[in-house]
file final_16.tsv (TSV, C-alpha atoms (C1' of nucleotides) and all ligand atoms)
chain	number	residue	atom	x	y	z
I	154	MET	CA	52.09	53.85	83.27
I	155	ILE	CA	49.00	53.58	81.16
I	156	GLU	CA	47.10	53.67	84.42
I	157	ALA	CA	48.60	57.07	85.18
I	158	LEU	CA	46.98	58.37	82.02
I	159	ARG	CA	43.53	56.95	82.64
I	160	GLY	CA	43.20	59.13	85.71
I	161	GLN	CA	42.45	62.33	83.86
I	162	ASN	CA	40.35	62.71	80.79
I	163	PHE	CA	43.16	61.49	78.64
I	164	ARG	CA	42.34	59.44	75.58
I	165	LEU	CA	44.42	56.48	74.67
I	166	THR	CA	45.12	57.13	71.02
I	167	PRO	CA	47.35	54.80	69.03
I	168	GLN	CA	50.01	57.49	68.68
I	169	ARG	CA	49.97	58.20	72.39
I	170	LEU	CA	50.26	54.56	73.33
I	171	GLU	CA	53.12	54.09	70.91
I	172	ILE	CA	55.01	57.09	72.25
I	173	LEU	CA	54.47	55.71	75.73
I	174	ARG	CA	55.76	52.32	74.73
I	175	ILE	CA	58.88	53.77	73.10
I	176	LEU	CA	59.76	55.93	76.08
I	177	ALA	CA	59.15	53.14	78.55
I	178	SER	CA	61.14	50.54	76.66
I	179	SER	CA	64.16	52.55	75.52
I	180	ARG	CA	67.22	52.83	77.72
I	181	GLU	CA	68.92	55.22	75.32
I	182	HIS	CA	67.44	58.48	76.60
I	183	PRO	CA	65.99	59.20	73.15
I	184	SER	CA	65.52	62.63	71.65
I	185	VAL	CA	62.18	63.90	70.40
I	186	GLU	CA	63.37	63.31	66.87
I	187	GLN	CA	64.26	59.71	67.63
I	188	VAL	CA	60.89	59.05	69.21
I	189	PHE	CA	59.28	60.72	66.22
I	190	GLU	CA	61.06	58.47	63.74
I	191	GLU	CA	60.20	55.37	65.70
I	192	VAL	CA	56.54	56.29	66.04
I	193	ARG	CA	56.42	56.85	62.31
I	194	ARG	CA	57.48	53.29	61.64
I	195	ARG	CA	54.12	52.14	62.93
I	196	PHE	CA	52.04	55.28	62.30
I	197	PRO	CA	53.55	57.07	59.32
I	198	THR	CA	51.22	60.08	59.44
I	199	THR	CA	52.18	61.09	62.97
I	200	SER	CA	53.13	64.73	63.39
I	201	LEU	CA	56.18	65.97	65.24
I	202	ALA	CA	53.89	68.25	67.24
I	203	THR	CA	52.06	65.21	68.55
I	204	VAL	CA	55.29	63.75	69.87
I	205	TYR	CA	56.10	67.02	71.64
I	206	ARG	CA	52.62	67.25	73.11
I	207	ASN	CA	52.60	63.73	74.47
I	208	ILE	CA	56.08	63.92	75.92
I	209	LEU	CA	55.03	67.14	77.64
I	210	LYS	CA	52.01	65.44	79.16
I	211	LEU	CA	54.04	62.50	80.40
I	212	LYS	CA	56.57	64.89	81.85
I	213	GLU	CA	53.85	66.80	83.70
I	214	LEU	CA	52.48	63.52	85.05
I	215	GLY	CA	55.95	62.66	86.33
I	216	GLN	CA	56.18	59.59	84.10
I	217	VAL	CA	59.17	60.85	82.12
I	218	LEU	CA	62.32	62.70	83.12
I	219	GLU	CA	63.39	65.49	80.78
I	220	LEU	CA	67.09	66.15	80.31
I	221	GLY	CA	67.18	69.64	78.87
I	222	PHE	CA	70.23	70.81	76.97
I	223	ALA	CA	70.91	74.36	75.88
I	224	GLU	CA	72.30	73.24	72.55
I	225	GLY	CA	70.93	70.30	70.65
I	226	GLY	CA	67.63	68.66	71.43
I	227	ASN	CA	66.45	67.48	74.82
I	228	ARG	CA	66.56	63.84	75.86
I	229	TYR	CA	64.08	61.76	77.82
I	230	ASP	CA	64.18	58.93	80.33
I	231	GLY	CA	60.98	56.93	80.72
I	232	ASN	CA	62.56	54.31	82.95
I	233	ARG	CA	63.74	56.42	85.86
I	234	PRO	CA	61.47	59.45	86.02
I	235	PHE	CA	63.25	60.97	89.01
I	236	PRO	CA	66.51	62.93	89.33
I	237	HIS	CA	69.59	60.80	88.85
I	238	PRO	CA	73.06	61.34	87.42
I	239	HIS	CA	73.89	60.90	83.77
I	240	MET	CA	76.98	60.24	81.70
I	241	VAL	CA	76.92	62.19	78.45
I	242	CYS	CA	79.38	61.32	75.69
I	243	ILE	CA	80.44	64.52	73.98
I	244	ARG	CA	81.37	62.62	70.83
I	245	CYS	CA	78.44	60.33	70.02
I	246	ARG	CA	75.88	61.95	72.30
I	247	LYS	CA	75.08	58.66	73.99
I	248	ILE	CA	73.67	59.03	77.50
I	249	MET	CA	73.98	56.40	80.20
I	250	ASP	CA	72.73	55.89	83.72
I	251	PRO	CA	75.75	55.15	85.92
I	252	ASP	CA	75.40	53.14	89.08
I	253	VAL	CA	75.99	55.60	91.87
I	254	GLU	CA	74.90	55.97	95.45
I	255	ASN	CA	72.20	58.51	96.15
I	256	LEU	CA	72.86	62.19	96.65
I	257	GLU	CA	70.40	62.73	99.46
I	258	ASN	CA	73.20	63.57	101.87
I	259	LEU	CA	74.67	66.20	99.58
I	260	THR	CA	71.25	67.63	98.83
I	261	GLU	CA	70.31	67.98	102.48
I	262	ARG	CA	73.62	69.49	103.41
I	263	ILE	CA	73.36	72.12	100.70
I	264	ALA	CA	69.75	72.85	101.61
I	265	SER	CA	70.59	73.52	105.23
I	266	SER	CA	73.71	75.56	104.51
I	267	THR	CA	72.06	77.82	101.93
I	268	GLY	CA	68.49	78.03	103.20
I	269	PHE	CA	67.16	76.81	99.86
I	270	LYS	CA	64.18	74.53	99.76
I	271	ILE	CA	65.46	72.07	97.19
I	272	VAL	CA	62.88	70.45	94.98
I	273	ASN	CA	64.99	69.02	92.19
I	274	HIS	CA	68.52	68.55	91.00
I	275	ARG	CA	70.55	67.67	87.98
I	276	LEU	CA	73.94	66.01	87.81
I	277	ASP	CA	75.62	65.38	84.46
I	278	PHE	CA	79.09	64.12	83.74
I	279	PHE	CA	80.44	64.93	80.32
I	280	GLY	CA	83.17	62.85	78.77
I	281	ILE	CA	84.08	60.25	76.20
I	282	CYS	CA	82.44	56.84	76.32
I	283	PRO	CA	84.51	53.65	76.05
I	284	ARG	CA	83.51	53.03	72.46
I	285	CYS	CA	84.56	56.51	71.34
I	286	GLN	CA	87.83	56.14	73.21
I	287	GLU	CA	88.54	53.04	71.15
I	288	ALA	CA	87.76	54.93	67.96
I	289	ASP	CA	90.30	57.53	69.07
I	290	SER	CA	93.17	55.14	69.64
I	291	ALA	CA	92.47	53.29	66.40
J	295	MET	CA	92.09	88.07	82.52
J	296	ILE	CA	92.98	90.80	80.11
J	297	GLU	CA	96.30	89.05	79.80
J	298	ALA	CA	94.53	85.92	78.59
J	299	LEU	CA	93.23	87.93	75.68
J	300	ARG	CA	96.49	89.52	74.65
J	301	GLY	CA	97.87	86.11	73.81
J	302	GLN	CA	96.05	85.71	70.51
J	303	ASN	CA	95.45	88.39	67.96
J	304	PHE	CA	92.60	89.77	70.01
J	305	ARG	CA	91.98	93.45	69.98
J	306	LEU	CA	91.02	95.24	73.13
J	307	THR	CA	88.00	97.21	72.04
J	308	PRO	CA	86.04	99.29	74.54
J	309	GLN	CA	83.02	97.00	74.24
J	310	ARG	CA	85.14	93.93	74.82
J	311	LEU	CA	86.84	95.38	77.87
J	312	GLU	CA	83.51	96.43	79.33
J	313	ILE	CA	81.96	92.99	78.82
J	314	LEU	CA	85.04	91.53	80.46
J	315	ARG	CA	84.71	93.85	83.42
J	316	ILE	CA	81.01	93.09	83.89
J	317	LEU	CA	81.50	89.34	83.81
J	318	ALA	CA	84.47	89.46	86.13
J	319	SER	CA	82.83	91.68	88.69
J	320	SER	CA	79.31	90.29	88.87
J	321	ARG	CA	78.47	87.49	91.27
J	322	GLU	CA	74.93	87.19	89.93
J	323	HIS	CA	75.59	84.78	87.07
J	324	PRO	CA	74.18	87.31	84.60
J	325	SER	CA	72.34	86.47	81.42
J	326	VAL	CA	73.41	87.74	78.02
J	327	GLU	CA	70.56	90.20	78.14
J	328	GLN	CA	71.72	91.54	81.49
J	329	VAL	CA	75.28	91.97	80.28
J	330	PHE	CA	73.92	93.64	77.18
J	331	GLU	CA	71.92	96.18	79.17
J	332	GLU	CA	74.86	96.94	81.40
J	333	VAL	CA	77.28	97.40	78.52
J	334	ARG	CA	74.81	99.78	76.93
J	335	ARG	CA	74.90	102.05	79.93
J	336	ARG	CA	78.45	102.98	78.99
J	337	PHE	CA	78.39	102.21	75.25
J	338	PRO	CA	74.82	102.77	74.04
J	339	THR	CA	75.45	101.64	70.46
J	340	THR	CA	76.64	98.18	71.42
J	341	SER	CA	74.96	95.34	69.56
J	342	LEU	CA	73.59	92.22	71.17
J	343	ALA	CA	75.60	90.16	68.70
J	344	THR	CA	78.77	91.71	70.05
J	345	VAL	CA	77.90	90.55	73.55
J	346	TYR	CA	77.27	87.03	72.28
J	347	ARG	CA	80.51	87.02	70.31
J	348	ASN	CA	82.64	88.20	73.19
J	349	ILE	CA	81.10	85.85	75.73
J	350	LEU	CA	81.76	83.02	73.30
J	351	LYS	CA	85.41	83.99	73.02
J	352	LEU	CA	85.83	84.21	76.77
J	353	LYS	CA	84.16	80.85	77.14
J	354	GLU	CA	86.50	79.30	74.59
J	355	LEU	CA	89.46	80.78	76.45
J	356	GLY	CA	88.20	79.22	79.66
J	357	GLN	CA	87.72	82.59	81.32
J	358	VAL	CA	83.97	82.23	81.75
J	359	LEU	CA	81.75	79.32	82.74
J	360	GLU	CA	78.55	78.92	80.77
J	361	LEU	CA	75.47	77.58	82.49
J	362	GLY	CA	73.26	76.47	79.63
J	363	PHE	CA	69.55	76.04	80.19
J	364	ALA	CA	67.15	74.42	77.77
J	365	GLU	CA	64.46	76.99	78.47
J	366	GLY	CA	65.25	80.61	79.09
J	367	GLY	CA	68.60	82.19	78.39
J	368	ASN	CA	71.98	80.92	79.50
J	369	ARG	CA	73.85	82.34	82.47
J	370	TYR	CA	77.53	83.06	82.96
J	371	ASP	CA	80.05	82.96	85.77
J	372	GLY	CA	83.21	84.98	85.28
J	373	ASN	CA	84.46	84.45	88.81
J	374	ARG	CA	84.72	80.67	88.92
J	375	PRO	CA	85.34	79.52	85.36
J	376	PHE	CA	85.47	75.84	86.33
J	377	PRO	CA	82.72	73.31	87.09
J	378	HIS	CA	81.04	73.87	90.42
J	379	PRO	CA	77.55	73.35	91.84
J	380	HIS	CA	74.84	75.94	91.59
J	381	MET	CA	71.63	76.75	93.41
J	382	VAL	CA	68.94	77.91	91.02
J	383	CYS	CA	65.79	79.57	92.37
J	384	ILE	CA	62.85	78.48	90.27
J	385	ARG	CA	60.89	81.57	91.29
J	386	CYS	CA	63.21	84.54	90.80
J	387	ARG	CA	65.85	82.82	88.67
J	388	LYS	CA	68.62	83.88	91.03
J	389	ILE	CA	71.68	81.64	90.91
J	390	MET	CA	74.09	81.19	93.79
J	391	ASP	CA	77.38	79.42	94.39
J	392	PRO	CA	76.95	77.26	97.50
J	393	ASP	CA	79.88	76.33	99.65
J	394	VAL	CA	80.37	72.66	99.10
J	395	GLU	CA	83.26	70.26	99.23
J	396	ASN	CA	84.69	69.14	95.94
J	397	LEU	CA	83.25	66.34	93.87
J	398	GLU	CA	86.53	64.85	92.75
J	399	ASN	CA	85.82	61.66	94.65
J	400	LEU	CA	82.45	61.19	93.01
J	401	THR	CA	83.84	62.06	89.60
J	402	GLU	CA	86.69	59.58	89.85
J	403	ARG	CA	84.46	56.83	91.13
J	404	ILE	CA	82.02	57.25	88.27
J	405	ALA	CA	84.83	57.43	85.75
J	406	SER	CA	86.33	54.13	86.86
J	407	SER	CA	83.03	52.34	87.15
J	408	THR	CA	81.73	53.39	83.74
J	409	GLY	CA	84.92	53.59	81.70
J	410	PHE	CA	84.14	57.17	80.75
J	411	LYS	CA	86.92	59.69	80.45
J	412	ILE	CA	85.24	62.55	82.26
J	413	VAL	CA	86.19	66.03	81.13
J	414	ASN	CA	83.45	68.12	82.65
J	415	HIS	CA	80.43	68.03	84.87
J	416	ARG	CA	77.42	69.99	85.90
J	417	LEU	CA	75.56	69.94	89.19
J	418	ASP	CA	72.50	72.13	89.72
J	419	PHE	CA	70.09	72.20	92.61
J	420	PHE	CA	66.70	73.70	91.86
J	421	GLY	CA	64.59	75.12	94.61
J	422	ILE	CA	63.25	78.22	96.28
J	423	CYS	CA	65.65	80.77	97.69
J	424	PRO	CA	65.19	82.20	101.20
J	425	ARG	CA	63.82	85.49	99.93
J	426	CYS	CA	61.15	83.82	97.80
J	427	GLN	CA	60.22	81.56	100.71
J	428	GLU	CA	59.52	84.67	102.75
J	429	ALA	CA	57.37	86.07	99.96
J	430	ASP	CA	55.41	82.82	100.06
J	431	SER	CA	54.64	82.87	103.76
J	432	ALA	CA	53.69	86.56	103.66
Y	202	DC	C1'	100.06	107.82	58.63
Y	203	DT	C1'	98.76	103.73	56.13
Y	204	DA	C1'	97.53	99.33	55.67
Y	205	DT	C1'	95.23	95.28	57.14
Y	206	DA	C1'	92.98	92.14	59.80
Y	207	DC	C1'	89.92	91.83	63.35
Y	208	DG	C1'	85.62	93.72	65.48
Y	209	DT	C1'	81.17	95.82	65.34
Y	210	DG	C1'	76.17	96.88	64.26
Y	211	DA	C1'	72.20	95.68	61.96
Y	212	DA	C1'	69.57	92.39	60.15
Y	213	DA	C1'	68.61	87.87	58.43
Y	214	DA	C1'	68.98	82.95	59.31
Y	215	DT	C1'	68.80	78.96	62.24
Y	216	DG	C1'	66.91	75.36	65.12
Y	217	DA	C1'	64.26	73.55	68.80
Y	218	DT	C1'	60.01	74.11	70.81
Y	219	DT	C1'	55.28	75.94	71.27
Y	220	DA	C1'	50.89	77.83	69.62
Y	221	DT	C1'	47.14	77.95	66.39
Y	222	DC	C1'	43.28	76.06	64.08
Y	223	DA	C1'	40.56	73.19	61.24
Y	224	DT	C1'	39.65	68.45	61.23
Y	225	DC	C1'	39.41	63.96	63.33
Y	226	DT	C1'	38.29	60.45	66.73
Y	227	DA	C1'	38.11	57.96	71.37
Y	228	DA	C1'	34.99	57.69	74.93
Y	229	DT	C1'	30.44	57.89	76.59
Y	230	DA	C1'	25.64	58.02	76.43
Y	231	DT	C1'	21.45	57.09	73.85
D	17	DA	C1'	24.99	50.91	66.20
D	18	DT	C1'	24.50	56.08	66.22
D	19	DA	C1'	25.07	60.42	67.89
D	20	DT	C1'	27.54	63.60	70.88
D	21	DT	C1'	31.45	66.02	72.34
D	22	DA	C1'	35.59	67.06	74.57
D	23	DG	C1'	40.01	65.97	73.76
D	24	DA	C1'	43.69	64.75	70.10
D	25	DT	C1'	45.92	65.15	65.77
D	26	DG	C1'	48.37	67.11	61.54
D	27	DA	C1'	49.96	70.90	59.20
D	28	DT	C1'	51.65	75.19	59.65
D	29	DA	C1'	52.94	79.49	61.67
D	30	DA	C1'	54.94	81.74	65.56
D	31	DT	C1'	58.41	82.19	69.22
D	32	DC	C1'	62.78	82.87	71.23
D	33	DA	C1'	67.66	82.43	72.10
D	34	DT	C1'	71.51	82.16	69.52
D	35	DT	C1'	74.36	82.24	65.24
D	36	DT	C1'	75.54	83.91	60.79
D	37	DT	C1'	76.21	87.31	57.26
D	38	DC	C1'	78.15	91.36	55.42
D	39	DA	C1'	79.24	96.11	54.86
D	40	DC	C1'	81.57	99.32	57.55
D	41	DG	C1'	84.49	100.76	61.47
D	42	DT	C1'	88.74	100.78	64.08
D	43	DA	C1'	92.63	98.79	66.99
D	44	DT	C1'	97.23	97.59	66.13
D	45	DA	C1'	101.74	96.88	63.57
D	46	DG	C1'	105.13	98.92	60.68
I	501	MN	MN	68.56	58.20	82.97
I	502	MN	MN	78.97	80.01	89.86
I	503	ZN	ZN	80.65	58.01	72.59
I	504	ZN	ZN	64.13	83.37	94.59
call {"tool": "encode", "arguments": {"input": "final_16.tsv", "output": "structure tokens", "more": "lines below"}}
Ligand SMILES: [Mn+2]
Ligand SMILES: [Mn+2]
Ligand SMILES: [Zn+2]
Ligand SMILES: [Zn+2]
result
Amino acid sequence: MIEALRGQNFRLTPQRLEILRILASSREHPSVEQVFEEVRRRFPTTSLATVYRNILKLKELGQVLELGFAEGGNRYDGNRPFPHPHMVCIRCRKIMDPDVENLENLTERIASSTGFKIVNHRLDFFGICPRCQEADSA
Amino acid sequence: MIEALRGQNFRLTPQRLEILRILASSREHPSVEQVFEEVRRRFPTTSLATVYRNILKLKELGQVLELGFAEGGNRYDGNRPFPHPHMVCIRCRKIMDPDVENLENLTERIASSTGFKIVNHRLDFFGICPRCQEADSA
DNA sequence: CTATACGTGAAAATGATTATCATCTAATAT
DNA sequence: ATATTAGATGATAATCATTTTCACGTATAG
């Protein structure tokens, strides 16, 4: 992933490398705020704007998948930077990657039946995660 | 749909009825701004806040489906107020309802494999609509 | 008709994201 | 190592959709 950055005239600053590392290592689909707090552990002077800027760059380079939400902050996946389904817990806001077969069939069928040239898709399931279900019954 | 409102202590104001009518009759998945402009044709003093408030109520009553987008305004479907796939043109922002078989199978499979209790879902395909493809080749 | 909640209009507040700008620094050449 | 410079950062202001506030208006019940 670092290689993807070297291509352009991108500098490898400590903040940038740390943001990279956090996004690549986390499976939690972190928010900007979460990345910000984690970067600050190592580089306490880091600005929130820097986190936004670097995530934007990585998104443009196709190294990070952005999960935009109309309410509440966006979330990011640095492990699977391509469209895939997500499970969103409406209680604790945890986001998981379920194991599910690909949607190429569905995509192609919709493309041919509507005449759209499909370039992207988004599939989210909203519900209550197992842990929050336990909390309910307790 | 008007009946759904009578249930509670909801008053049937002219603005409210007009917003209702617009959402129920439009197949274009209008934005708040579009509803606002249309309401103003008949009731020129209507406030934008009133449009937001009434759409919120209808959403809470399950009479309108909200399509939230992280960037740009949200869009609303008053014809199919239940989860269904959408085709979003990334050029002209038009949104269509494609004809597609139901996703109950997929939903159930994901629910059982992840332990989630799924209460909602969202499936969007992003691409270029036929009309914008023509504009491209011209 | 009167009374009373609910609704409205106007404007301010909110919250996430983006833009601005002076300063800093990583990368490269000398 | 030093100088150069284009890109990066930090702090702050601006943006934009949406929500909140509050004084006033009005639909509805009695
Ligand atoms: Mn993911
Ligand atoms: Mn629809
Ligand atoms: Zn949960
Ligand atoms: Zn189009």
call {"tool": "residues_around", "arguments": {"input": "final_16.tsv", "residues": "Ile404 in chain J", "least_positions_apart": "5", "cutoff": "9 Å", "atoms": "all atoms listed in the file", "output": "PDB file with C-alpha atoms, keeping the file's coordinate frame"}}
result
ATOM      1  CA  MET I 240      76.980  60.240  81.700  1.00  0.00           C
ATOM      2  CA  PRO I 251      75.750  55.150  85.920  1.00  0.00           C
ATOM      3  CA  ASP I 252      75.400  53.140  89.080  1.00  0.00           C
ATOM      4  CA  VAL I 253      75.990  55.600  91.870  1.00  0.00           C
ATOM      5  CA  PHE I 278      79.090  64.120  83.740  1.00  0.00           C
TER       6      PHE I 278
ATOM      7  CA  ASN J 399      85.820  61.660  94.650  1.00  0.00           C
ATOM      8  CA  GLY J 409      84.920  53.590  81.700  1.00  0.00           C
ATOM      9  CA  PHE J 410      84.140  57.170  80.750  1.00  0.00           C
ATOM     10  CA  ILE J 412      85.240  62.550  82.260  1.00  0.00           C
TER      11      ILE J 412
END
call {"tool": "interface_residues", "arguments": {"input": "final_16.tsv", "of": "chain J", "to": "chain I", "cutoff": "6 Å", "atoms": "only C-alpha atoms", "output": "PyMOL selection string"}}
result
chain J and resi 362-364+409-424
call {"tool": "residues_near_point", "arguments": {"input": "final_16.tsv", "point": "(45.4, 69.9, 62.0)", "cutoff": "6 Å", "atoms": "all atoms listed in the file", "output": "list in words"}}
result
DA223 and DT224 of chain Y; DG26 and DA27 of chain D
call {"tool": "write_last_selection", "arguments": {"input": "final_16.tsv", "atoms": "C-alpha atoms (C1' of nucleotides)", "output": "CSV table (one decimal), in the frame of the given file"}}
result
chain,number,residue,atom,x,y,z
Y,223,DA,C1',40.6,73.2,61.2
Y,224,DT,C1',39.6,68.4,61.2
D,26,DG,C1',48.4,67.1,61.5
D,27,DA,C1',50.0,70.9,59.2
call {"tool": "residues_near_ligand", "arguments": {"input": "final_16.tsv", "ligand": "ligand MN 501 (chain I)", "cutoff": "10 Å", "atoms": "all atoms listed in the file", "output": "PyMOL selection string"}}
result
chain I and resi 180-182+217-220+228-240+248-251
call {"tool": "calpha_fit_and_write", "arguments": {"input": "final_16.tsv", "fixed": "chain J", "moving": "chain I", "output": "compact mmCIF listing (two decimals) with C-alpha atoms, in the frame of the given file"}}
result
# COMPACT_ATOMS: atom_id res chain seq x y z
CA MET I 154 92.06 88.10 82.54
CA ILE I 155 92.95 90.83 80.13
CA GLU I 156 96.29 89.10 79.83
CA ALA I 157 94.54 85.97 78.60
CA LEU I 158 93.20 88.00 75.70
CA ARG I 159 96.47 89.61 74.69
CA GLY I 160 97.87 86.20 73.85
CA GLN I 161 96.09 85.83 70.55
CA ASN I 162 95.46 88.52 68.02
CA PHE I 163 92.59 89.83 70.04
CA ARG I 164 91.95 93.55 70.06
CA LEU I 165 90.98 95.28 73.22
CA THR I 166 87.96 97.26 72.11
CA PRO I 167 85.99 99.33 74.60
CA GLN I 168 82.98 97.03 74.28
CA ARG I 169 85.11 93.96 74.85
CA LEU I 170 86.79 95.40 77.90
CA GLU I 171 83.45 96.43 79.34
CA ILE I 172 81.94 93.00 78.81
CA LEU I 173 85.00 91.54 80.49
CA ARG I 174 84.67 93.87 83.42
CA ILE I 175 80.98 93.08 83.89
CA LEU I 176 81.49 89.33 83.81
CA ALA I 177 84.46 89.48 86.14
CA SER I 178 82.81 91.73 88.69
CA SER I 179 79.30 90.28 88.85
CA ARG I 180 78.48 87.48 91.25
CA GLU I 181 74.95 87.16 89.92
CA HIS I 182 75.63 84.77 87.05
CA PRO I 183 74.19 87.29 84.58
CA SER I 184 72.35 86.44 81.40
CA VAL I 185 73.42 87.71 77.99
CA GLU I 186 70.57 90.18 78.12
CA GLN I 187 71.71 91.52 81.47
CA VAL I 188 75.27 91.96 80.26
CA PHE I 189 73.90 93.63 77.16
CA GLU I 190 71.89 96.16 79.15
CA GLU I 191 74.82 96.94 81.39
CA VAL I 192 77.24 97.40 78.50
CA ARG I 193 74.76 99.77 76.92
CA ARG I 194 74.86 102.05 79.92
CA ARG I 195 78.40 102.98 78.98
CA PHE I 196 78.33 102.24 75.24
CA PRO I 197 74.77 102.76 74.04
CA THR I 198 75.39 101.64 70.45
CA THR I 199 76.60 98.17 71.40
CA SER I 200 74.93 95.33 69.54
CA LEU I 201 73.56 92.20 71.16
CA ALA I 202 75.60 90.17 68.68
CA THR I 203 78.76 91.72 70.06
CA VAL I 204 77.89 90.55 73.55
CA TYR I 205 77.29 87.02 72.27
CA ARG I 206 80.54 87.02 70.33
CA ASN I 207 82.66 88.20 73.22
CA ILE I 208 81.11 85.85 75.74
CA LEU I 209 81.78 83.02 73.29
CA LYS I 210 85.43 84.01 73.03
CA LEU I 211 85.85 84.21 76.78
CA LYS I 212 84.18 80.85 77.13
CA GLU I 213 86.55 79.30 74.59
CA LEU I 214 89.50 80.80 76.45
CA GLY I 215 88.23 79.22 79.65
CA GLN I 216 87.74 82.60 81.32
CA VAL I 217 83.98 82.22 81.74
CA LEU I 218 81.79 79.30 82.73
CA GLU I 219 78.59 78.90 80.73
CA LEU I 220 75.51 77.57 82.48
CA GLY I 221 73.30 76.44 79.63
CA PHE I 222 69.58 76.04 80.17
CA ALA I 223 67.17 74.42 77.76
CA GLU I 224 64.50 77.01 78.45
CA GLY I 225 65.28 80.62 79.10
CA GLY I 226 68.63 82.20 78.39
CA ASN I 227 72.00 80.90 79.49
CA ARG I 228 73.87 82.34 82.46
CA TYR I 229 77.56 83.05 82.94
CA ASP I 230 80.07 82.95 85.76
CA GLY I 231 83.23 84.99 85.26
CA ASN I 232 84.48 84.44 88.79
CA ARG I 233 84.76 80.67 88.91
CA PRO I 234 85.36 79.50 85.36
CA PHE I 235 85.48 75.82 86.31
CA PRO I 236 82.75 73.28 87.09
CA HIS I 237 81.07 73.86 90.42
CA PRO I 238 77.58 73.36 91.82
CA HIS I 239 74.86 75.95 91.58
CA MET I 240 71.65 76.77 93.40
CA VAL I 241 68.95 77.92 91.00
CA CYS I 242 65.82 79.58 92.37
CA ILE I 243 62.87 78.49 90.26
CA ARG I 244 60.91 81.58 91.26
CA CYS I 245 63.23 84.56 90.78
CA ARG I 246 65.86 82.83 88.68
CA LYS I 247 68.64 83.90 91.01
CA ILE I 248 71.71 81.65 90.89
CA MET I 249 74.13 81.21 93.77
CA ASP I 250 77.40 79.43 94.38
CA PRO I 251 76.97 77.27 97.49
CA ASP I 252 79.92 76.36 99.63
CA VAL I 253 80.41 72.66 99.10
CA GLU I 254 83.29 70.25 99.21
CA ASN I 255 84.70 69.14 95.89
CA LEU I 256 83.26 66.31 93.84
CA GLU I 257 86.54 64.82 92.73
CA ASN I 258 85.84 61.62 94.64
CA LEU I 259 82.45 61.15 93.02
CA THR I 260 83.83 61.99 89.60
CA GLU I 261 86.66 59.50 89.84
CA ARG I 262 84.43 56.77 91.16
CA ILE I 263 81.97 57.20 88.32
CA ALA I 264 84.78 57.35 85.77
CA SER I 265 86.25 54.06 86.91
CA SER I 266 82.92 52.26 87.23
CA THR I 267 81.63 53.30 83.80
CA GLY I 268 84.82 53.49 81.76
CA PHE I 269 84.06 57.08 80.78
CA LYS I 270 86.85 59.56 80.47
CA ILE I 271 85.21 62.46 82.27
CA VAL I 272 86.17 65.91 81.12
CA ASN I 273 83.45 68.05 82.64
CA HIS I 274 80.43 67.97 84.87
CA ARG I 275 77.43 69.97 85.89
CA LEU I 276 75.58 69.93 89.18
CA ASP I 277 72.52 72.13 89.70
CA PHE I 278 70.12 72.22 92.59
CA PHE I 279 66.74 73.71 91.86
CA GLY I 280 64.61 75.14 94.61
CA ILE I 281 63.28 78.25 96.28
CA CYS I 282 65.69 80.81 97.69
CA PRO I 283 65.21 82.23 101.19
CA ARG I 284 63.85 85.52 99.93
CA CYS I 285 61.19 83.84 97.79
CA GLN I 286 60.25 81.60 100.69
CA GLU I 287 59.55 84.72 102.73
CA ALA I 288 57.41 86.11 99.94
CA ASP I 289 55.44 82.86 100.05
CA SER I 290 54.66 82.92 103.74
CA ALA I 291 53.75 86.61 103.65
call {"tool": "atom_distance", "arguments": {"input": "final_16.tsv", "atom1": "CA of Ile172 in chain I", "atom2": "C1' of DC225 in chain Y"}}
result
19.2 Å
call {"tool": "closest_residue", "arguments": {"input": "final_16.tsv", "among": "J:Phe304, J:Gln309, J:Val333, J:Pro324", "to": "ligand MN 502 (chain I)", "atoms": "all atoms listed in the file"}}
result
J:Pro324
call {"tool": "residues_near_point", "arguments": {"input": "final_16.tsv", "point": "(51.3, 81.5, 66.6)", "cutoff": "7 Å", "atoms": "only C-alpha atoms (C1' of nucleotides)", "output": "list in words"}}
result
DA220 and DT221 of chain Y; DA29 and DA30 of chain D
call {"tool": "residues_around", "arguments": {"input": "final_16.tsv", "residues": "DT219 in chain Y", "least_positions_apart": "2", "cutoff": "9 Å", "atoms": "only C-alpha atoms (C1' of nucleotides)", "output": "list of chain:residue names"}}
result
I:Ala202, I:Tyr205, D:DA30, D:DT31
call {"tool": "atom_distance", "arguments": {"input": "final_16.tsv", "atom1": "CA of Ser320 in chain J", "atom2": "CA of Asn303 in chain J"}}
result
26.5 Å
call {"tool": "residues_around", "arguments": {"input": "final_16.tsv", "residues": "Arg164 in chain I", "least_positions_apart": "6", "cutoff": "10 Å", "atoms": "only C-alpha atoms (C1' of nucleotides)", "output": "PyMOL selection string"}}
result
(chain I and resi 158+170) or (chain Y and resi 226-228) or (chain D and resi 23-24)
call {"tool": "write_last_selection", "arguments": {"input": "final_16.tsv", "atoms": "C-alpha atoms (C1' of nucleotides)", "output": "tab-separated table (two decimals), in the coordinates of the input"}}
result
chain	number	residue	atom	x	y	z
I	158	LEU	CA	46.98	58.37	82.02
I	170	LEU	CA	50.26	54.56	73.33
Y	226	DT	C1'	38.29	60.45	66.73
Y	227	DA	C1'	38.11	57.96	71.37
Y	228	DA	C1'	34.99	57.69	74.93
D	23	DG	C1'	40.01	65.97	73.76
D	24	DA	C1'	43.69	64.75	70.10
call {"tool": "interface_residues", "arguments": {"input": "final_16.tsv", "of": "chain D", "to": "chain J", "cutoff": "8 Å", "atoms": "only C-alpha atoms (C1' of nucleotides)", "output": "list in words"}}
result
DA33, DA43 and DT44 of chain D
